[in-house]
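A.B. asks: Dropping the structure in here first, questions after.
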Amino acid sequence: MKMSDYTTATGHDSKVVEIADGNQIRYWCHMLGCTEAQLRESVQAVGHSPADVRRFLTGLSQRGVF
């Protein structure tokens, strides 16, 4: 098993932002400090990378979008 195959203690893959499952959505909203709508918009804009989603959300926040 390689490092990227590991999941968090709650069973969530910490390398991919998944928005197809309610538990995953709640997990990522909590981890990223955003709403479900913001999470979905971010993933649609930049893909499933947590780092890219976090950067996108930070950019929106800095511009006062939310």
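Going by the structure tokens order, chains are called A, B, ..., each with residues numbered from 1, while ligands are numbered from 1 in the order shown.
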Mind checking which residues fall within 12 Å of region 46-55 of chain A, counting only C-alpha atoms, ignoring those fewer than 6 positions away in the same chain, and posting them as a list in words?
C.D. replies: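 Using only C-alpha atoms, the neighbours found are Asp13, Ser14, Lys15, Val16, Val17, Glu18, Ile19, Ala20, Tyr27, Trp28, Cys29, Met31, Leu32, Gly33, Cys34, Gln38, Leu39, Arg40, Ser61 and Gln62 of chain A.
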A.B. asks: Just give me the gap between CA of Gly64 (chain A) and CA of Glu36 (chain A) in Å, one decimal is fine.
C.D. replies: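 Going from CA of Gly64 (chain A) over to CA of Glu36 (chain A), I get 17.8 Å.
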A.B. asks: Could you give me the residues within chain A that DSSP places in alpha helix (DSSP H), as an MDAnalysis selection string?
C.D. replies: chainID A and resid 22:32 36:46 50:62
A.B. asks: Those same residues, written as an mmCIF file, in the first residue's frame with C-alpha atoms?
C.D. replies:
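Wrote it out as part.cif, contents follow:
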```cif
data_model
loop_
_atom_site.group_PDB
_atom_site.id
_atom_site.type_symbol
_atom_site.label_atom_id
_atom_site.label_comp_id
_atom_site.auth_asym_id
_atom_site.auth_seq_id
_atom_site.Cartn_x
_atom_site.Cartn_y
_atom_site.Cartn_z
ATOM 1 C CA GLY A 22 -23.525 13.400 1.689
ATOM 2 C CA ASN A 23 -20.956 12.214 4.253
ATOM 3 C CA GLN A 24 -18.110 13.338 2.012
ATOM 4 C CA ILE A 25 -19.769 16.718 1.469
ATOM 5 C CA ARG A 26 -20.189 17.260 5.220
ATOM 6 C CA TYR A 27 -16.577 16.195 5.817
ATOM 7 C CA TRP A 28 -15.131 18.556 3.209
ATOM 8 C CA CYS A 29 -17.381 21.474 4.178
ATOM 9 C CA HIS A 30 -16.146 21.079 7.755
ATOM 10 C CA MET A 31 -12.499 20.713 6.708
ATOM 11 C CA LEU A 32 -12.586 23.667 4.309
ATOM 12 C CA GLU A 36 -22.160 22.838 0.268
ATOM 13 C CA ALA A 37 -22.913 25.330 -2.513
ATOM 14 C CA GLN A 38 -19.447 26.871 -2.177
ATOM 15 C CA LEU A 39 -17.851 23.415 -2.196
ATOM 16 C CA ARG A 40 -19.729 22.353 -5.317
ATOM 17 C CA GLU A 41 -18.880 25.606 -7.118
ATOM 18 C CA SER A 42 -15.225 25.231 -6.196
ATOM 19 C CA VAL A 43 -14.964 21.620 -7.354
ATOM 20 C CA GLN A 44 -16.696 22.515 -10.608
ATOM 21 C CA ALA A 45 -14.251 25.399 -11.138
ATOM 22 C CA VAL A 46 -10.934 23.770 -10.181
ATOM 23 C CA PRO A 50 -8.156 19.758 -1.809
ATOM 24 C CA ALA A 51 -5.318 22.266 -2.254
ATOM 25 C CA ASP A 52 -6.875 23.731 -5.413
ATOM 26 C CA VAL A 53 -10.331 23.913 -3.807
ATOM 27 C CA ARG A 54 -8.882 25.619 -0.707
ATOM 28 C CA ARG A 55 -7.052 28.181 -2.902
ATOM 29 C CA PHE A 56 -10.219 28.866 -4.890
ATOM 30 C CA LEU A 57 -12.280 29.354 -1.724
ATOM 31 C CA THR A 58 -9.624 31.648 -0.258
ATOM 32 C CA GLY A 59 -9.640 33.728 -3.439
ATOM 33 C CA LEU A 60 -13.422 34.092 -3.323
ATOM 34 C CA SER A 61 -13.301 35.070 0.329
ATOM 35 C CA GLN A 62 -10.587 37.664 -0.253
#
```
